[in-house]
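**Q** Okay, handing you the structure first.
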Amino acid sequence: MKRYCLTLDLINDPELIREYERFHKKIWPEIYESIKTAGIEEMQIYRFSNRLMMIMEVNETFSFEQKAKMDATNERVQEWEKLMWKYQQALPGAKPGEKWMLMTQIFDLE
């Protein structure tokens with residue numbers, strides 16, 4: 001299995017952060033299904049202040065390109081993503097429309 005770490009910032013507003021966390025206590029069933037169908041076996045999101053870090057463990061069928069194609073044709077995923085932008089903000093250096101940014105691993109204690 002392969003692991004990816006991604007990062008994103010939330011808008012630095014305590015009430016918006018609470019709302020965002022409430023949505024993630026029980027994500028919509030269609031979002032869960034789209035994640036699993038894409039080959040994502042495990043996913044966790046951590047927060048410090050307004051900075052998020054997502055860890056994904058994926059199987060051999062996963063690709064970011066295929067996930068993006070699947071999401072683009074899924075109305076419910078598009079609705080979720082539009083809603084999440086209410087809470088999220090792009091990281092410095094992100095291109096317009098980019099959300100979660102892939103992090104580069106710099107250390108591994110084996």
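Identifiers in the structure tokens: chain A, B, ... in order shown; residue index from 1 per chain; ligand index from 1 in order shown.
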Please provide the set of residues having any atom within 12 Å of Trp85 in chain A, restricted to only C-alpha atoms, with same-chain residues fewer than 3 positions apart removed, written as JSON, numbers by chain.
**A** {"A": [8, 9, 10, 11, 16, 17, 20, 78, 79, 80, 81, 82, 88, 89, 90, 97, 98, 99, 100]}
**Q** Restricting the output to C-alpha atoms, write the selected residues as an mmCIF file, in the first residue's frame.
**A**
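Just written: selection_34.cif:
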data_model
loop_
_atom_site.group_PDB
_atom_site.id
_atom_site.type_symbol
_atom_site.label_atom_id
_atom_site.label_comp_id
_atom_site.auth_asym_id
_atom_site.auth_seq_id
_atom_site.Cartn_x
_atom_site.Cartn_y
_atom_site.Cartn_z
ATOM 1 C CA LEU A 8 -4.773 22.494 3.497
ATOM 2 C CA ASP A 9 -5.757 25.493 5.611
ATOM 3 C CA LEU A 10 -9.150 26.306 7.027
ATOM 4 C CA ILE A 11 -10.427 29.841 7.270
ATOM 5 C CA LEU A 16 -16.360 27.820 10.833
ATOM 6 C CA ILE A 17 -13.772 25.342 12.121
ATOM 7 C CA TYR A 20 -16.180 21.874 9.405
ATOM 8 C CA GLN A 78 -19.227 18.396 -6.407
ATOM 9 C CA GLU A 79 -21.877 19.606 -3.940
ATOM 10 C CA TRP A 80 -19.668 18.508 -1.010
ATOM 11 C CA GLU A 81 -16.573 20.188 -2.457
ATOM 12 C CA LYS A 82 -18.454 23.443 -3.036
ATOM 13 C CA GLN A 88 -11.230 26.015 3.407
ATOM 14 C CA GLN A 89 -8.647 28.365 1.975
ATOM 15 C CA ALA A 90 -5.855 27.651 -0.430
ATOM 16 C CA GLY A 97 -8.766 26.116 -7.495
ATOM 17 C CA GLU A 98 -6.141 23.880 -5.838
ATOM 18 C CA LYS A 99 -7.143 22.606 -2.443
ATOM 19 C CA TRP A 100 -5.287 19.774 -0.772
#
**Q** If you count only C-alpha atoms, which residues fall within 12 Å of Glu19 in chain A, apart from same-chain ones fewer than 4 positions away, as a PyMOL selection string?
**A** chain A and resi 10-11+13-15+23-26+83-84+86-88
**Q** Point out the residue among A:Glu110, A:Ser34, A:Trp28, A:Met101 with the least atom-to-atom distance to Ala72 in chain A, counting only C-alpha atoms.
**A**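 Nearest candidate to Ala72 in chain A out of A:Glu110, A:Ser34, A:Trp28, A:Met101: A:Ser34.
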**Q** Quick check for you: according to DSSP on this backbone, which residues of chain A are classed as helix (DSSP H, G or I)? Reply as a ChimeraX atom specification.
**A** /A:14-25,29-37,64-72,75-84
**Q** Can you write out the residues you just picked, keeping N, CA, C and O atoms, as a compact mmCIF listing (two decimals), in the first residue's frame?
**A**
# COMPACT_ATOMS: atom_id res chain seq x y z
N PRO A 14 -13.13 30.38 14.46
CA PRO A 14 -13.48 29.25 15.34
C PRO A 14 -14.83 28.61 15.03
O PRO A 14 -14.97 27.39 15.08
N GLU A 15 -15.84 29.40 14.70
CA GLU A 15 -17.16 28.83 14.41
C GLU A 15 -17.13 28.04 13.11
O GLU A 15 -17.69 26.94 13.03
N LEU A 16 -16.47 28.56 12.09
CA LEU A 16 -16.36 27.82 10.83
C LEU A 16 -15.58 26.52 11.02
O LEU A 16 -15.93 25.48 10.45
N ILE A 17 -14.55 26.56 11.84
CA ILE A 17 -13.77 25.34 12.12
C ILE A 17 -14.64 24.31 12.83
O ILE A 17 -14.61 23.13 12.50
N ARG A 18 -15.45 24.75 13.79
CA ARG A 18 -16.37 23.82 14.48
C ARG A 18 -17.35 23.20 13.49
O ARG A 18 -17.62 21.99 13.54
N GLU A 19 -17.91 24.02 12.60
CA GLU A 19 -18.84 23.49 11.59
C GLU A 19 -18.15 22.47 10.69
O GLU A 19 -18.71 21.41 10.40
N TYR A 20 -16.94 22.78 10.26
CA TYR A 20 -16.18 21.87 9.41
C TYR A 20 -15.98 20.54 10.11
O TYR A 20 -16.17 19.47 9.52
N GLU A 21 -15.61 20.58 11.37
CA GLU A 21 -15.40 19.34 12.12
C GLU A 21 -16.70 18.57 12.28
O GLU A 21 -16.70 17.35 12.21
N ARG A 22 -17.82 19.27 12.47
CA ARG A 22 -19.12 18.59 12.57
C ARG A 22 -19.43 17.83 11.28
O ARG A 22 -19.91 16.69 11.32
N PHE A 23 -19.18 18.45 10.14
CA PHE A 23 -19.41 17.75 8.86
C PHE A 23 -18.57 16.49 8.76
O PHE A 23 -18.99 15.51 8.15
N HIS A 24 -17.40 16.50 9.37
CA HIS A 24 -16.49 15.35 9.25
C HIS A 24 -16.70 14.29 10.33
O HIS A 24 -16.07 13.23 10.27
N LYS A 25 -17.58 14.55 11.28
CA LYS A 25 -17.94 13.51 12.26
C LYS A 25 -18.70 12.38 11.56
O LYS A 25 -18.60 11.23 11.93
N PRO A 29 -22.85 9.71 2.92
CA PRO A 29 -22.58 8.35 2.40
C PRO A 29 -21.96 8.35 1.00
O PRO A 29 -21.09 7.53 0.70
N GLU A 30 -22.38 9.27 0.15
CA GLU A 30 -21.84 9.33 -1.21
C GLU A 30 -20.36 9.72 -1.22
O GLU A 30 -19.61 9.30 -2.10
N ILE A 31 -19.95 10.51 -0.24
CA ILE A 31 -18.55 10.91 -0.15
C ILE A 31 -17.72 9.71 0.31
O ILE A 31 -16.66 9.42 -0.27
N TYR A 32 -18.21 9.01 1.31
CA TYR A 32 -17.54 7.78 1.77
C TYR A 32 -17.38 6.81 0.60
O TYR A 32 -16.29 6.27 0.37
N GLU A 33 -18.45 6.60 -0.15
CA GLU A 33 -18.42 5.67 -1.28
C GLU A 33 -17.42 6.10 -2.34
O GLU A 33 -16.69 5.28 -2.90
N SER A 34 -17.38 7.41 -2.64
CA SER A 34 -16.44 7.88 -3.67
C SER A 34 -14.99 7.70 -3.23
O SER A 34 -14.13 7.40 -4.05
N ILE A 35 -14.73 7.86 -1.94
CA ILE A 35 -13.38 7.66 -1.40
C ILE A 35 -12.97 6.19 -1.54
O ILE A 35 -11.90 5.86 -2.06
N LYS A 36 -13.84 5.30 -1.10
CA LYS A 36 -13.52 3.87 -1.13
C LYS A 36 -13.43 3.34 -2.57
O LYS A 36 -12.53 2.56 -2.88
N THR A 37 -14.33 3.78 -3.44
CA THR A 37 -14.32 3.33 -4.83
C THR A 37 -13.04 3.74 -5.54
O THR A 37 -12.56 3.03 -6.43
N PHE A 64 -4.48 9.88 -8.46
CA PHE A 64 -5.08 11.19 -8.27
C PHE A 64 -5.86 11.61 -9.51
O PHE A 64 -6.93 12.22 -9.40
N GLU A 65 -5.35 11.27 -10.68
CA GLU A 65 -6.01 11.65 -11.93
C GLU A 65 -7.37 10.97 -12.06
O GLU A 65 -8.36 11.60 -12.42
N GLN A 66 -7.41 9.67 -11.78
CA GLN A 66 -8.67 8.93 -11.87
C GLN A 66 -9.67 9.42 -10.83
O GLN A 66 -10.86 9.56 -11.13
N LYS A 67 -9.20 9.70 -9.63
CA LYS A 67 -10.10 10.23 -8.58
C LYS A 67 -10.69 11.56 -9.03
O LYS A 67 -11.89 11.80 -8.86
N ALA A 68 -9.88 12.43 -9.61
CA ALA A 68 -10.37 13.73 -10.08
C ALA A 68 -11.42 13.55 -11.17
O ALA A 68 -12.44 14.25 -11.18
N LYS A 69 -11.20 12.61 -12.10
CA LYS A 69 -12.18 12.34 -13.16
C LYS A 69 -13.49 11.83 -12.57
O LYS A 69 -14.57 12.26 -12.99
N MET A 70 -13.39 10.91 -11.62
CA MET A 70 -14.59 10.36 -10.98
C MET A 70 -15.36 11.47 -10.26
O MET A 70 -16.58 11.56 -10.36
N ASP A 71 -14.64 12.31 -9.54
CA ASP A 71 -15.27 13.38 -8.76
C ASP A 71 -15.95 14.41 -9.66
O ASP A 71 -17.01 14.94 -9.32
N ALA A 72 -15.35 14.69 -10.81
CA ALA A 72 -15.88 15.70 -11.72
C ALA A 72 -17.26 15.31 -12.26
O ALA A 72 -18.06 16.18 -12.60
N GLU A 75 -22.20 14.43 -9.02
CA GLU A 75 -22.86 15.66 -8.56
C GLU A 75 -22.79 15.83 -7.04
O GLU A 75 -22.61 16.94 -6.55
N ARG A 76 -22.93 14.73 -6.32
CA ARG A 76 -22.91 14.82 -4.84
C ARG A 76 -21.52 15.21 -4.35
O ARG A 76 -21.39 16.00 -3.41
N VAL A 77 -20.47 14.68 -4.96
CA VAL A 77 -19.10 15.06 -4.59
C VAL A 77 -18.88 16.53 -4.91
O VAL A 77 -18.30 17.26 -4.11
N GLN A 78 -19.37 16.99 -6.05
CA GLN A 78 -19.23 18.40 -6.41
C GLN A 78 -19.97 19.29 -5.41
O GLN A 78 -19.47 20.36 -5.03
N GLU A 79 -21.12 18.86 -4.96
CA GLU A 79 -21.88 19.61 -3.94
C GLU A 79 -21.08 19.69 -2.63
O GLU A 79 -20.99 20.74 -2.00
N TRP A 80 -20.48 18.56 -2.22
CA TRP A 80 -19.67 18.51 -1.01
C TRP A 80 -18.47 19.45 -1.13
O TRP A 80 -18.17 20.21 -0.22
N GLU A 81 -17.77 19.36 -2.26
CA GLU A 81 -16.57 20.19 -2.46
C GLU A 81 -16.92 21.67 -2.44
O GLU A 81 -16.18 22.48 -1.86
N LYS A 82 -18.02 22.04 -3.05
CA LYS A 82 -18.45 23.44 -3.04
C LYS A 82 -18.75 23.88 -1.60
O LYS A 82 -18.35 24.97 -1.18
N LEU A 83 -19.43 23.04 -0.84
CA LEU A 83 -19.73 23.35 0.56
C LEU A 83 -18.45 23.48 1.38
O LEU A 83 -18.30 24.41 2.18
N MET A 84 -17.48 22.58 1.17
CA MET A 84 -16.24 22.62 1.95
C MET A 84 -15.43 23.88 1.69
O MET A 84 -14.71 24.36 2.58
**Q** Take CA of Leu109 in chain A and CA of Met1 in chain A and report the distance between them in Å, one decimal.
**A** 17.6 Å
**Q** Pick out the residues sitting within 7 Å of Met56 in chain A, and hand them over as a PyMOL selection string; count only C-alpha atoms, and ignore anything fewer than 2 positions along from it in its own chain.
**A** chain A and resi 3-5+40+42-44+54+58
**Q** Dump N, CA and C atoms for the selected residues as a compact mmCIF listing (two decimals), in the first residue's frame?
**A**
# COMPACT_ATOMS: atom_id res chain seq x y z
N ARG A 3 1.22 5.45 0.80
CA ARG A 3 0.71 6.48 1.71
C ARG A 3 1.02 7.85 1.14
N TYR A 4 0.02 8.75 1.23
CA TYR A 4 0.19 10.14 0.82
C TYR A 4 -0.22 11.04 1.98
N CYS A 5 0.48 12.15 2.12
CA CYS A 5 0.11 13.19 3.09
C CYS A 5 -0.17 14.47 2.32
N ILE A 40 -8.96 4.29 -2.04
CA ILE A 40 -8.43 4.81 -0.77
C ILE A 40 -8.90 3.88 0.33
N GLU A 42 -7.56 3.82 3.67
CA GLU A 42 -7.56 4.50 4.97
C GLU A 42 -7.40 5.99 4.74
N MET A 43 -8.05 6.79 5.57
CA MET A 43 -7.90 8.24 5.48
C MET A 43 -8.14 8.84 6.86
N GLN A 44 -7.21 9.69 7.27
CA GLN A 44 -7.37 10.44 8.50
C GLN A 44 -7.05 11.90 8.22
N MET A 54 -3.92 15.57 5.94
CA MET A 54 -4.64 14.35 5.61
C MET A 54 -3.63 13.25 5.27
N VAL A 58 -3.54 4.05 0.15
CA VAL A 58 -4.28 3.68 -1.06
C VAL A 58 -3.79 2.34 -1.59
**Q** Run DSSP on the backbone and give me the residues of chain A it puts in strand (DSSP E), as number ranges by chain.
**A** A: 2-10, 40-48, 51-58, 88-89, 101-102
**Q** Between A:Leu102, A:Thr7, A:Gly39, A:Ile45, which one has atoms that come closest to Glu57 in chain A, using only C-alpha atoms?
**A**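 Nearest to Glu57 in chain A: A:Gly39.
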**Q** Interatomic distance between CA of Gly93 in chain A and CA of Leu6 in chain A?
**A**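 The value is 14.2 Å.
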